[in-house]
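Undergrad: So here's protein_38.cif, just mmCIF, C-alpha atoms:
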```
data_run
#
loop_
_atom_site.label_atom_id
_atom_site.label_comp_id
_atom_site.auth_asym_id
_atom_site.auth_seq_id
_atom_site.Cartn_x
_atom_site.Cartn_y
_atom_site.Cartn_z
CA MET A 194 0.00 0.00 0.00
CA LEU A 195 2.84 2.37 0.73
CA ASP A 196 3.80 2.29 -2.95
CA ILE A 197 0.81 4.56 -3.66
CA ALA A 198 1.04 6.49 -0.39
CA GLU A 199 1.38 9.94 -1.94
CA GLU A 200 -1.96 9.77 -3.74
CA LEU A 201 -3.70 8.07 -0.81
CA HIS A 202 -2.39 10.74 1.55
CA ARG A 203 -4.11 13.31 -0.69
CA TRP A 204 -7.31 11.28 -0.50
CA VAL A 205 -7.14 11.36 3.31
CA GLY A 206 -6.64 15.13 3.23
CA GLN A 207 -9.67 15.49 0.95
CA GLY A 208 -11.82 13.49 3.33
CA ARG A 209 -12.53 10.70 0.85
CA ALA A 210 -13.85 7.33 1.99
CA PHE A 211 -11.81 4.54 0.43
CA ALA A 212 -10.60 0.98 0.76
CA VAL A 213 -7.26 -0.53 -0.19
CA ALA A 214 -6.54 -4.02 -1.49
CA THR A 215 -2.98 -5.10 -0.71
CA VAL A 216 -1.13 -8.20 -1.92
CA VAL A 217 -0.04 -10.02 1.23
CA ALA A 218 1.32 -13.29 -0.18
CA VAL A 219 2.10 -14.82 -3.56
CA GLY A 220 2.76 -18.29 -4.85
CA GLY A 221 4.00 -19.43 -8.23
CA SER A 222 4.20 -16.92 -11.06
CA ALA A 223 2.51 -13.65 -10.10
CA PRO A 224 3.09 -10.18 -11.53
CA ARG A 225 3.04 -8.21 -8.24
CA GLN A 226 4.77 -8.80 -4.92
CA PRO A 227 3.59 -8.34 -1.31
CA GLY A 228 2.80 -4.69 -0.64
CA ALA A 229 1.43 -3.92 -4.12
CA ALA A 230 -1.95 -2.25 -3.79
CA LEU A 231 -5.14 -1.13 -5.53
CA ALA A 232 -7.25 1.59 -3.89
CA VAL A 233 -10.86 2.51 -4.67
CA ASP A 234 -12.77 5.48 -3.26
CA SER A 235 -16.51 5.84 -2.70
CA GLU A 236 -16.92 7.57 -6.08
CA GLY A 237 -15.38 4.60 -7.89
CA THR A 238 -12.00 6.17 -8.64
CA ALA A 239 -9.22 3.56 -8.65
CA ILE A 240 -5.44 3.78 -8.50
CA GLY A 241 -2.72 1.15 -8.30
CA SER A 242 -2.70 -2.52 -9.20
CA VAL A 243 -2.51 -5.91 -7.52
CA SER A 244 -2.14 -8.20 -10.51
CA GLY A 245 -1.31 -6.35 -13.68
CA GLY A 246 -4.95 -6.62 -14.79
CA CYS A 247 -5.88 -10.28 -14.20
CA VAL A 248 -8.14 -9.88 -11.16
CA GLU A 249 -8.53 -6.12 -10.86
CA GLY A 250 -12.26 -6.19 -11.64
CA ALA A 251 -13.06 -8.57 -8.79
CA VAL A 252 -10.82 -6.71 -6.36
CA TYR A 253 -12.45 -3.42 -7.37
CA GLU A 254 -15.86 -4.82 -6.41
CA LEU A 255 -14.56 -6.09 -3.07
CA CYS A 256 -13.12 -2.67 -2.25
CA GLY A 257 -16.54 -1.12 -2.86
CA ARG A 258 -18.10 -3.65 -0.52
CA ALA A 259 -15.48 -2.93 2.17
CA ILE A 260 -16.27 0.79 2.00
CA GLU A 261 -19.95 0.03 2.56
CA ASP A 262 -19.74 -2.53 5.37
CA GLY A 263 -16.50 -1.34 6.99
CA ARG A 264 -15.09 -4.86 7.26
CA ALA A 265 -11.71 -6.25 6.25
CA LEU A 266 -11.23 -9.61 4.55
CA VAL A 267 -8.55 -11.68 2.84
CA GLU A 268 -9.37 -13.18 -0.55
CA ARG A 269 -7.36 -15.65 -2.59
CA PHE A 270 -7.08 -15.41 -6.36
CA GLY A 271 -5.52 -18.13 -8.49
CA TYR A 272 -5.77 -20.09 -11.71
CA SER A 273 -8.05 -23.12 -11.79
CA GLU A 274 -7.68 -25.63 -14.61
CA GLU A 275 -11.22 -26.85 -13.84
CA ASP A 276 -12.58 -23.39 -14.62
CA ALA A 277 -10.23 -21.52 -16.90
CA PHE A 278 -12.68 -18.64 -17.20
CA ALA A 279 -13.01 -18.04 -13.48
CA VAL A 280 -11.59 -14.86 -11.98
CA GLY A 281 -7.94 -15.68 -11.51
CA LEU A 282 -4.36 -15.35 -12.60
CA THR A 283 -3.93 -16.88 -16.03
CA CYS A 284 -0.16 -16.86 -15.44
CA GLY A 285 -0.71 -19.77 -13.05
CA GLY A 286 0.13 -17.99 -9.81
CA VAL A 287 -1.80 -17.45 -6.61
CA ILE A 288 -2.13 -14.23 -4.63
CA ASP A 289 -3.74 -13.51 -1.28
CA VAL A 290 -5.15 -10.00 -1.00
CA LEU A 291 -6.18 -8.05 2.08
CA ILE A 292 -9.11 -5.73 1.34
CA ALA A 293 -9.66 -3.18 4.11
CA PRO A 294 -11.37 0.19 4.50
CA VAL A 295 -9.09 3.02 5.62
CA ARG A 296 -10.32 4.75 8.75
CA ASP A 297 -8.82 7.19 11.22
CA GLY A 298 -5.80 5.80 13.03
CA VAL A 299 -2.33 4.63 12.19
CA VAL A 300 -2.91 3.78 8.52
CA PRO A 301 -3.40 7.45 7.55
CA ALA A 302 -0.33 8.26 9.68
CA ALA A 303 1.66 5.63 7.80
CA LEU A 304 0.52 7.10 4.49
CA ALA A 305 1.60 10.56 5.63
CA ALA A 306 5.03 9.26 6.66
CA ALA A 307 5.55 7.42 3.38
CA ALA A 308 4.36 10.39 1.31
CA ALA A 309 6.88 12.59 3.14
CA GLY A 310 9.73 10.15 2.47
CA GLU A 311 10.09 9.27 6.15
CA THR A 312 11.36 5.94 7.43
CA ALA A 313 8.60 3.88 9.03
CA ALA A 314 6.99 0.42 8.92
CA LEU A 315 3.32 -0.51 8.87
CA ALA A 316 2.45 -3.91 10.35
CA ARG A 317 -1.06 -5.25 9.73
CA ILE A 318 -2.72 -8.54 10.68
CA VAL A 319 -3.49 -10.44 7.48
CA ALA A 320 -4.23 -13.92 8.88
CA GLY A 321 -5.91 -14.71 12.18
CA PRO A 322 -9.30 -14.13 13.82
CA ASP A 323 -11.68 -12.22 11.56
CA ASP A 324 -12.15 -9.45 14.10
CA LEU A 325 -8.41 -8.73 14.05
CA LEU A 326 -7.89 -8.59 10.28
CA GLY A 327 -6.46 -5.28 9.20
CA ARG A 328 -5.48 -4.14 12.72
CA ALA A 329 -2.35 -2.04 12.35
CA LEU A 330 0.77 -0.85 14.11
CA LEU A 331 3.02 1.98 12.88
CA VAL A 332 6.65 1.49 13.86
CA ARG A 333 9.28 4.23 13.78
CA PRO A 334 13.04 3.68 13.26
CA ASP A 335 13.76 4.42 16.95
CA GLY A 336 11.56 1.47 17.94
CA GLY A 337 8.62 3.58 19.04
CA TYR A 338 5.19 2.57 17.79
CA GLU A 339 1.58 3.69 17.77
CA GLY A 340 -1.71 1.93 17.20
CA GLY A 341 -2.44 -1.60 18.30
CA LEU A 342 -3.26 -5.06 17.04
CA GLY A 343 -6.17 -5.63 19.44
CA GLY A 344 -4.53 -8.24 21.60
CA HIS A 345 -2.23 -8.47 24.60
CA PRO A 346 0.35 -5.66 24.97
CA ALA A 347 3.03 -8.29 24.48
CA LEU A 348 1.65 -8.83 20.98
CA ASP A 349 2.24 -5.18 20.09
CA ARG A 350 5.78 -5.29 21.49
CA THR A 351 6.65 -8.44 19.60
CA ALA A 352 5.10 -7.15 16.38
CA ALA A 353 6.98 -3.85 16.74
CA GLY A 354 10.26 -5.73 17.17
CA GLU A 355 9.65 -7.86 14.08
CA ALA A 356 8.62 -4.81 12.05
CA LEU A 357 11.68 -2.86 13.18
CA ALA A 358 13.97 -5.69 12.05
CA MET A 359 12.35 -5.64 8.59
CA LEU A 360 12.48 -1.85 8.49
CA ASP A 361 16.21 -1.90 9.23
CA ALA A 362 16.65 -4.16 6.21
CA GLY A 363 14.25 -2.12 4.04
CA ARG A 364 12.10 -5.23 3.51
CA THR A 365 8.41 -5.82 2.90
CA GLY A 366 6.99 -9.25 3.65
CA THR A 367 5.15 -11.44 6.15
CA VAL A 368 6.05 -12.73 9.62
CA GLU A 369 4.20 -15.06 11.98
CA ILE A 370 3.87 -14.57 15.72
CA GLY A 371 1.64 -16.03 18.41
CA GLU A 372 -1.58 -14.22 19.24
CA ASP A 373 -0.20 -13.65 22.76
CA GLY A 374 3.01 -12.14 21.39
CA SER A 375 5.04 -15.33 21.64
CA ARG A 376 6.26 -17.71 18.98
CA CYS A 377 3.79 -20.37 20.11
CA GLY A 378 0.06 -20.59 20.53
CA ARG A 379 -2.50 -19.61 17.91
CA PRO A 380 -0.52 -17.85 15.17
CA LEU A 381 -1.13 -14.51 13.53
CA THR A 382 0.42 -13.46 10.24
CA LEU A 383 1.54 -9.86 9.84
CA LEU A 384 2.29 -8.04 6.62
CA VAL A 385 5.08 -5.57 7.29
CA GLU A 386 5.50 -2.81 4.72
CA SER A 387 8.67 -0.76 4.99
CA SER A 388 8.80 2.85 3.87
CA VAL A 389 12.39 3.93 3.35
CA PRO A 390 13.93 6.73 1.29
CA ALA A 391 14.54 5.91 -2.36
CA PRO A 392 17.83 4.08 -3.02
CA ARG A 393 20.62 6.17 -4.48
CA MET A 394 22.15 6.01 -7.94
CA ILE A 395 25.32 8.08 -8.28
CA VAL A 396 26.45 8.67 -11.85
CA PHE A 397 30.05 9.82 -12.13
CA GLY A 398 30.85 11.65 -15.35
CA ALA A 399 28.68 14.37 -16.88
CA VAL A 400 28.75 12.84 -20.36
CA ASP A 401 25.98 12.35 -22.91
CA PHE A 402 25.46 8.75 -21.73
CA ALA A 403 24.85 10.08 -18.22
CA ALA A 404 21.79 12.09 -19.28
CA ALA A 405 20.13 8.94 -20.62
CA LEU A 406 21.15 6.95 -17.54
CA VAL A 407 19.60 9.59 -15.27
CA ARG A 408 16.26 9.02 -16.99
CA VAL A 409 16.55 5.25 -16.60
CA GLY A 410 17.55 5.63 -12.95
CA LYS A 411 14.50 7.77 -12.22
CA LEU A 412 12.28 5.24 -14.02
CA LEU A 413 13.66 2.51 -11.73
CA GLY A 414 12.89 4.56 -8.63
CA TYR A 415 16.36 5.82 -7.70
CA HIS A 416 17.34 9.17 -6.22
CA VAL A 417 19.89 10.13 -8.88
CA THR A 418 23.01 12.23 -8.36
CA VAL A 419 25.38 13.29 -11.14
CA CYS A 420 28.94 14.13 -10.09
CA ASP A 421 31.75 15.56 -12.23
CA ALA A 422 34.79 17.70 -11.48
CA ARG A 423 34.19 19.92 -14.52
CA PRO A 424 31.74 22.74 -13.74
CA VAL A 425 31.12 23.52 -17.40
CA PHE A 426 29.57 20.05 -17.86
CA ALA A 427 28.08 19.34 -14.42
CA THR A 428 25.08 21.67 -14.58
CA ALA A 429 21.41 21.34 -13.73
CA ALA A 430 20.56 22.59 -17.22
CA ARG A 431 22.28 19.56 -18.78
CA PHE A 432 20.67 17.13 -16.30
CA PRO A 433 17.23 18.52 -15.49
CA GLU A 434 15.88 15.15 -14.38
CA ALA A 435 18.65 14.48 -11.85
CA ASP A 436 17.79 15.01 -8.19
CA GLU A 437 21.11 16.75 -7.68
CA VAL A 438 24.19 17.70 -9.66
CA VAL A 439 27.50 17.91 -7.80
CA VAL A 440 30.67 19.64 -8.98
CA GLY A 441 33.64 17.95 -7.36
CA TRP A 442 36.30 15.30 -7.75
CA PRO A 443 34.43 11.99 -7.80
CA HIS A 444 36.49 10.16 -5.18
CA ARG A 445 36.33 13.07 -2.78
CA TYR A 446 32.57 13.31 -3.13
CA LEU A 447 32.20 9.55 -2.60
CA GLU A 448 34.27 9.78 0.59
CA THR A 449 31.92 12.39 2.08
CA THR A 450 28.46 11.35 0.88
CA THR A 451 26.16 8.73 2.41
CA VAL A 452 25.76 5.35 0.72
CA ASP A 453 24.22 2.08 1.85
CA ALA A 454 23.62 -1.50 0.72
CA ARG A 455 21.06 -0.36 -1.88
CA THR A 456 23.27 2.28 -3.54
CA VAL A 457 24.42 1.79 -7.15
CA LEU A 458 27.51 3.52 -8.51
CA CYS A 459 27.91 4.05 -12.26
CA VAL A 460 31.33 5.31 -13.39
CA LEU A 461 31.10 6.78 -16.88
CA THR A 462 34.23 8.96 -16.81
CA HIS A 463 36.58 6.35 -18.38
CA ASP A 464 39.51 8.56 -17.51
CA ALA A 465 42.24 7.04 -15.31
CA LYS A 466 42.80 10.18 -13.26
CA PHE A 467 39.16 10.02 -12.16
CA ASP A 468 38.51 6.29 -12.34
CA VAL A 469 41.38 4.87 -10.30
CA PRO A 470 40.97 6.85 -7.06
CA LEU A 471 37.19 6.65 -7.37
CA LEU A 472 37.01 2.89 -7.92
CA ARG A 473 39.65 2.20 -5.28
CA ALA A 474 37.31 3.87 -2.77
CA ALA A 475 34.10 2.45 -4.24
CA LEU A 476 35.22 -1.18 -4.24
CA ARG A 477 35.69 -1.03 -0.47
CA LEU A 478 32.18 0.24 0.23
CA PRO A 479 29.15 -1.99 1.06
CA VAL A 480 27.10 -0.86 -1.95
CA ALA A 481 24.85 -2.93 -4.20
CA TYR A 482 26.44 -2.35 -7.59
CA ILE A 483 29.59 -0.81 -9.07
CA GLY A 484 29.94 -0.51 -12.83
CA ALA A 485 32.46 1.29 -15.01
CA MET A 486 32.23 2.27 -18.67
CA GLY A 487 34.94 1.65 -21.22
CA SER A 488 36.20 -0.76 -23.83
CA ARG A 489 37.72 -4.11 -22.90
CA ARG A 490 41.15 -2.60 -23.47
CA THR A 491 40.24 0.27 -21.15
CA HIS A 492 39.05 -2.23 -18.58
CA GLU A 493 42.30 -4.19 -18.68
CA ASP A 494 44.34 -1.02 -18.28
CA ARG A 495 42.05 0.19 -15.48
CA ALA A 496 42.25 -3.16 -13.67
CA ALA A 497 46.06 -3.12 -13.84
CA ARG A 498 46.16 0.40 -12.41
CA LEU A 499 43.78 -0.59 -9.63
CA ARG A 500 45.93 -3.57 -8.69
CA GLU A 501 48.95 -1.28 -8.57
CA ALA A 502 46.95 1.01 -6.28
CA GLY A 503 46.41 -1.84 -3.81
CA VAL A 504 42.97 -3.12 -4.84
CA THR A 505 42.73 -6.85 -4.08
CA ALA A 506 41.50 -9.51 -6.48
CA ARG A 507 38.42 -10.02 -4.30
CA GLU A 508 37.61 -6.31 -4.39
CA LEU A 509 38.21 -6.12 -8.12
CA ALA A 510 35.81 -9.01 -8.70
CA ARG A 511 32.96 -6.75 -7.58
CA LEU A 512 33.51 -4.41 -10.53
CA ARG A 513 31.15 -4.80 -13.48
CA SER A 514 33.19 -3.64 -16.42
CA PRO A 515 32.50 -3.06 -19.23
CA ILE A 516 29.30 -1.80 -17.65
CA GLY A 517 25.89 -3.14 -18.74
CA LEU A 518 24.44 -6.25 -20.36
CA ASP A 519 25.27 -7.37 -23.89
CA LEU A 520 22.36 -5.85 -25.82
CA GLY A 521 24.43 -4.65 -28.76
CA ALA A 522 23.74 -1.11 -27.54
CA ARG A 523 25.14 1.85 -29.50
CA THR A 524 23.19 4.98 -28.63
CA PRO A 525 23.24 6.63 -25.18
CA GLU A 526 19.66 5.52 -24.62
CA GLU A 527 20.40 1.92 -25.57
CA THR A 528 23.50 1.93 -23.39
CA ALA A 529 21.55 3.35 -20.46
CA LEU A 530 18.98 0.60 -20.95
CA SER A 531 21.70 -2.06 -20.85
CA ILE A 532 23.10 -0.58 -17.62
CA GLY A 533 19.64 -0.38 -16.05
CA ALA A 534 18.96 -3.98 -17.04
CA GLU A 535 22.18 -5.14 -15.38
CA ILE A 536 21.29 -3.24 -12.21
CA VAL A 537 17.84 -4.88 -12.11
CA ALA A 538 19.37 -8.32 -12.70
CA ALA A 539 21.85 -7.76 -9.87
CA ARG A 540 19.11 -6.48 -7.57
CA ARG A 541 16.58 -9.22 -8.31
CA GLY A 542 18.89 -12.17 -8.87
CA GLY A 543 18.26 -12.47 -12.61
CA THR A 544 20.65 -14.03 -15.09
CA GLY A 545 20.26 -11.56 -17.94
CA ALA A 546 19.52 -14.46 -20.30
CA PRO A 547 16.51 -14.35 -22.69
CA LEU A 548 13.41 -15.89 -21.11
CA THR A 549 12.68 -17.70 -24.36
CA GLY A 550 14.10 -21.20 -24.15
CA VAL A 551 15.14 -21.13 -20.47
CA ARG A 552 13.37 -22.81 -17.57
CA THR A 553 14.31 -20.40 -14.80
CA PRO A 554 11.46 -18.66 -12.92
CA ILE A 555 10.31 -15.38 -14.44
CA HIS A 556 9.96 -13.81 -11.00
CA HIS A 557 12.90 -14.57 -8.71
CA GLU A 558 12.41 -14.77 -4.96
CA THR A 559 14.71 -12.21 -3.34
CA PRO A 560 15.27 -10.79 0.15
CA ALA A 561 12.90 -7.92 -0.70
CA GLY A 562 10.05 -9.88 0.84
CA ARG A 563 9.21 -13.43 1.79
CA VAL A 564 6.99 -15.22 -0.69
CA GLY A 565 4.45 -17.58 0.74
CA SER A 566 0.83 -18.50 1.31
CA LEU A 567 -1.41 -17.47 4.16
CA ARG A 568 -3.49 -20.61 3.98
#
```
Step by step, read the file and then write its structure as structure tokens.
TA:
Amino acid sequence: MLDIAEELHRWVGQGRAFAVATVVAVGGSAPRQPGAALAVDSEGTAIGSVSGGCVEGAVYELCGRAIEDGRALVERFGYSEEDAFAVGLTCGGVIDVLIAPVRDGVVPAALAAAAAGETAALARIVAGPDDLLGRALLVRPDGGYEGGLGGHPALDRTAAGEALAMLDAGRTGTVEIGEDGSRCGRPLTLLVESSVPAPRMIVFGAVDFAAALVRVGKLLGYHVTVCDARPVFATAARFPEADEVVVGWPHRYLETTTVDARTVLCVLTHDAKFDVPLLRAALRLPVAYIGAMGSRRTHEDRAARLREAGVTARELARLRSPIGLDLGARTPEETALSIGAEIVAARRGGTGAPLTGVRTPIHHETPAGRVGSLR
């Protein structure tokens, strides 16, 4: 639900009555992951998606019903070979969806936090007694929480601890705890949705390829920074879609800025005086992806210089160079697409191979959220 928080926050401010359907578990091949949401207001306006179109009509109707009766429910949608025309996922997957009206309380507060780019986690009961479905807890990064799950205080404390652990990892997924707050007894399943600031993409080198890569980075949901030591090239006018443009030596900027395990670094300078000190620093940081542009000859020369500068073989193995997947790209836009594709493959555990003729799953299970069934 937090993926459409900005629009829903506006709905709250406008006093609209609405319900939200949220994917809480998936099995098999399904187009959306836990946390994906479709919202419908009392006038019939809809935003978001839970299935890419397969079951939206049925979910839309259930949202309307939830607005009227004020009750939450969990519905399963899947493909049945006995009834191929039934409402379901023709891709063969199964999804469980929580449909719940949004009332006053912690859900609007969670939407406000997510819309403002704040770090917070929303934990909601998605499997358990019917009268507890949809009960919510909003957890802050300092461990404080508000709201309640309708059970023993120990339940709220345990749920807050589980949600905080997922928030620290930036994950969305489900956890099970006992109804009394323990790991035993009658179980409850919680969907924990983490709202964290957008991951960073830092593009080093204010070249023509960088402008195209900025657009791809924004499309993929990154907060994009362009950094170059040359003020004549590193300008907001040349990169209007970048979130920020920094004039400075790349390695010095990298040493002073904040990065984390989701950050991707794209080095497009292909100039040894910039590349070597920058990559020597980058390859020792706990970031998600480091790629560098250049020909194979440039890569070999760069690798030799990095080894001379003290970079170990293990550190050098993290470098993706030449940057991008083999798409036969020539234009800046095609090259940016190949880089973006490699970043997605690294993030999601993909191989980069064509899906035609291979038997690997289309949707890979990754640490972004646990895949499973509620029933």
Undergrad: Tell me which of A:Leu447, A:Ala358, A:Leu412, A:Leu291 sits closest to A:Ala529, counting only C-alpha atoms.
TA: A:Leu412
Undergrad: To one decimal place, how far is atom CA of A:Ser488 from atom CA of A:Ala534 in Å?
TA: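 Atom CA of A:Ser488 sits 18.8 Å away from atom CA of A:Ala534.
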Undergrad: Which of these, A:Val385, A:Leu476, A:Ile483, A:Val537, has the shortest distance to A:Glu508 once you count only C-alpha atoms?
TA: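 Using only C-alpha atoms, the shortest distance to A:Glu508 belongs to A:Leu476.
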Undergrad: Find the distance between atom CA of A:Val396 and atom CA of A:Ala309 and write it in Å to one decimal.
TA: 25.0 Å
Undergrad: Quick one: of A:Gly343, A:Gly298, A:Pro470, A:Gly337, who's nearest to A:Trp442, counting all atoms listed in the file?
TA: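 Of A:Gly343, A:Gly298, A:Pro470, A:Gly337, the one nearest A:Trp442, counting all atoms listed in the file, is A:Pro470.
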Undergrad: Out of A:Met359, A:Ala313, A:Leu472, A:Leu461, which residue has the shortest atom-to-atom distance to A:Arg511 when counting all atoms listed in the file?
TA: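 Nearest candidate to A:Arg511 out of A:Met359, A:Ala313, A:Leu472, A:Leu461: A:Leu472.
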Undergrad: Using only C-alpha atoms, which protein or nucleic acid residues come within 8 Å of A:Val267? Drop anything in the same chain fewer than 5 positions from it, and give the result as an MDAnalysis selection string.
TA: chainID A and resid 289:292 319:320
Undergrad: Could you jot down the atom CA of A:Pro334 to atom CA of A:Asp453 separation for me, Å, one decimal place?
TA: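 Taking atom CA of A:Pro334 as the start and atom CA of A:Asp453 as the end point, the length is 16.1 Å.
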Undergrad: Expand the PyMOL selection byres ((chain A and resi 360-365) around 7) into the individual residues it matches in the shown file, reporting them as a list in words.
TA: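 When the PyMOL selection byres ((chain A and resi 360-365) around 7) is applied, the selected residues are Pro227, Gly228, Ala313, Ala314, Ala356, Leu357, Ala358, Met359, Gly366, Val385, Glu386, Ser387, Val389, Ala561 and Gly562 of chain A.
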Undergrad: List as a list in words the protein and nucleic acid residues near A:Tyr482, meaning an atom at most 9 Å away when all atoms listed in the file are counted, but skip any in the same chain fewer than 4 places from it.
TA: Ala454, Arg455, Thr456, Val457, Leu458, Cys459, Arg511, Leu512, Arg513, Ile536, Ala539 and Arg540 of chain A
Undergrad: Which residues would end up in the selection if the PyMOL selection byres ((chain A and resi 327-331) around 10) were applied here, given that I need the answer as a PyMOL selection string?
TA: chain A and resi 264-267+291-295+298-303+306+313-321+323-326+332-333+336-344+349-350+352-353+356-357+383-386
Undergrad: Using only C-alpha atoms, find the one residue out of A:Gly441, A:Phe402, A:Arg489, A:Cys256 that sits nearest to A:Ala522.
TA: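 Checking each candidate against A:Ala522, we get A:Phe402 as the closest.
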Undergrad: How close does each residue of stretch 251-320 of chain A get to stretch 197-208 of chain A, giving the shortest atom pair and distance in Å to one decimal for every residue with an atom at most 6 Å away, counting all atoms listed in the file, sorted by chain and residue number, as CSV?
TA:
```
residue,atom,partner,partner_atom,distance
A:Leu304,CA,A:Ala198,CA,4.9
A:Ala305,CA,A:His202,CA,5.7
A:Ala307,CA,A:Ala198,CA,6.0
A:Ala308,CA,A:Glu199,CA,4.4
```
Undergrad: Kindly complete stretch 483-500 of chain A to N, CA and C atoms; the output should be written as a PDB file, keeping the file's coordinate frame.
TA:
```
ATOM      1  N   ILE A 483      28.553  -1.720  -8.593  1.00  0.00           N
ATOM      2  CA  ILE A 483      29.590  -0.810  -9.070  1.00  0.00           C
ATOM      3  C   ILE A 483      29.906  -1.181 -10.509  1.00  0.00           C
ATOM      4  N   GLY A 484      29.656  -0.261 -11.426  1.00  0.00           N
ATOM      5  CA  GLY A 484      29.940  -0.510 -12.830  1.00  0.00           C
ATOM      6  C   GLY A 484      30.764   0.612 -13.417  1.00  0.00           C
ATOM      7  N   ALA A 485      31.600   0.281 -14.389  1.00  0.00           N
ATOM      8  CA  ALA A 485      32.460   1.290 -15.010  1.00  0.00           C
ATOM      9  C   ALA A 485      32.442   1.128 -16.526  1.00  0.00           C
ATOM     10  N   MET A 486      32.297   2.264 -17.209  1.00  0.00           N
ATOM     11  CA  MET A 486      32.230   2.270 -18.670  1.00  0.00           C
ATOM     12  C   MET A 486      33.620   2.232 -19.272  1.00  0.00           C
ATOM     13  N   GLY A 487      33.687   1.683 -20.482  1.00  0.00           N
ATOM     14  CA  GLY A 487      34.940   1.650 -21.220  1.00  0.00           C
ATOM     15  C   GLY A 487      35.054   0.394 -22.052  1.00  0.00           C
ATOM     16  N   SER A 488      35.965   0.416 -22.996  1.00  0.00           N
ATOM     17  CA  SER A 488      36.200  -0.760 -23.830  1.00  0.00           C
ATOM     18  C   SER A 488      36.885  -1.847 -23.017  1.00  0.00           C
ATOM     19  N   ARG A 489      37.014  -3.023 -23.597  1.00  0.00           N
ATOM     20  CA  ARG A 489      37.720  -4.110 -22.900  1.00  0.00           C
ATOM     21  C   ARG A 489      39.186  -3.740 -22.692  1.00  0.00           C
ATOM     22  N   ARG A 490      39.767  -3.042 -23.646  1.00  0.00           N
ATOM     23  CA  ARG A 490      41.150  -2.600 -23.470  1.00  0.00           C
ATOM     24  C   ARG A 490      41.248  -1.602 -22.315  1.00  0.00           C
ATOM     25  N   THR A 491      40.264  -0.689 -22.258  1.00  0.00           N
ATOM     26  CA  THR A 491      40.240   0.270 -21.150  1.00  0.00           C
ATOM     27  C   THR A 491      40.080  -0.448 -19.826  1.00  0.00           C
ATOM     28  N   HIS A 492      39.245  -1.472 -19.811  1.00  0.00           N
ATOM     29  CA  HIS A 492      39.050  -2.230 -18.580  1.00  0.00           C
ATOM     30  C   HIS A 492      40.344  -2.898 -18.133  1.00  0.00           C
ATOM     31  N   GLU A 493      41.055  -3.513 -19.052  1.00  0.00           N
ATOM     32  CA  GLU A 493      42.300  -4.190 -18.680  1.00  0.00           C
ATOM     33  C   GLU A 493      43.318  -3.193 -18.125  1.00  0.00           C
ATOM     34  N   ASP A 494      43.412  -2.050 -18.767  1.00  0.00           N
ATOM     35  CA  ASP A 494      44.340  -1.020 -18.280  1.00  0.00           C
ATOM     36  C   ASP A 494      43.896  -0.517 -16.908  1.00  0.00           C
ATOM     37  N   ARG A 495      42.591  -0.291 -16.754  1.00  0.00           N
ATOM     38  CA  ARG A 495      42.050   0.190 -15.480  1.00  0.00           C
ATOM     39  C   ARG A 495      42.299  -0.828 -14.369  1.00  0.00           C
ATOM     40  N   ALA A 496      42.062  -2.111 -14.669  1.00  0.00           N
ATOM     41  CA  ALA A 496      42.250  -3.160 -13.670  1.00  0.00           C
ATOM     42  C   ALA A 496      43.712  -3.229 -13.233  1.00  0.00           C
ATOM     43  N   ALA A 497      44.635  -3.097 -14.188  1.00  0.00           N
ATOM     44  CA  ALA A 497      46.060  -3.120 -13.840  1.00  0.00           C
ATOM     45  C   ALA A 497      46.420  -1.948 -12.932  1.00  0.00           C
ATOM     46  N   ARG A 498      45.891  -0.775 -13.237  1.00  0.00           N
ATOM     47  CA  ARG A 498      46.160   0.400 -12.410  1.00  0.00           C
ATOM     48  C   ARG A 498      45.573   0.238 -11.002  1.00  0.00           C
ATOM     49  N   LEU A 499      44.394  -0.380 -10.926  1.00  0.00           N
ATOM     50  CA  LEU A 499      43.780  -0.590  -9.630  1.00  0.00           C
ATOM     51  C   LEU A 499      44.585  -1.582  -8.788  1.00  0.00           C
ATOM     52  N   ARG A 500      45.089  -2.627  -9.422  1.00  0.00           N
ATOM     53  CA  ARG A 500      45.930  -3.570  -8.690  1.00  0.00           C
ATOM     54  C   ARG A 500      47.184  -2.889  -8.178  1.00  0.00           C
TER      55      ARG A 500
END
```
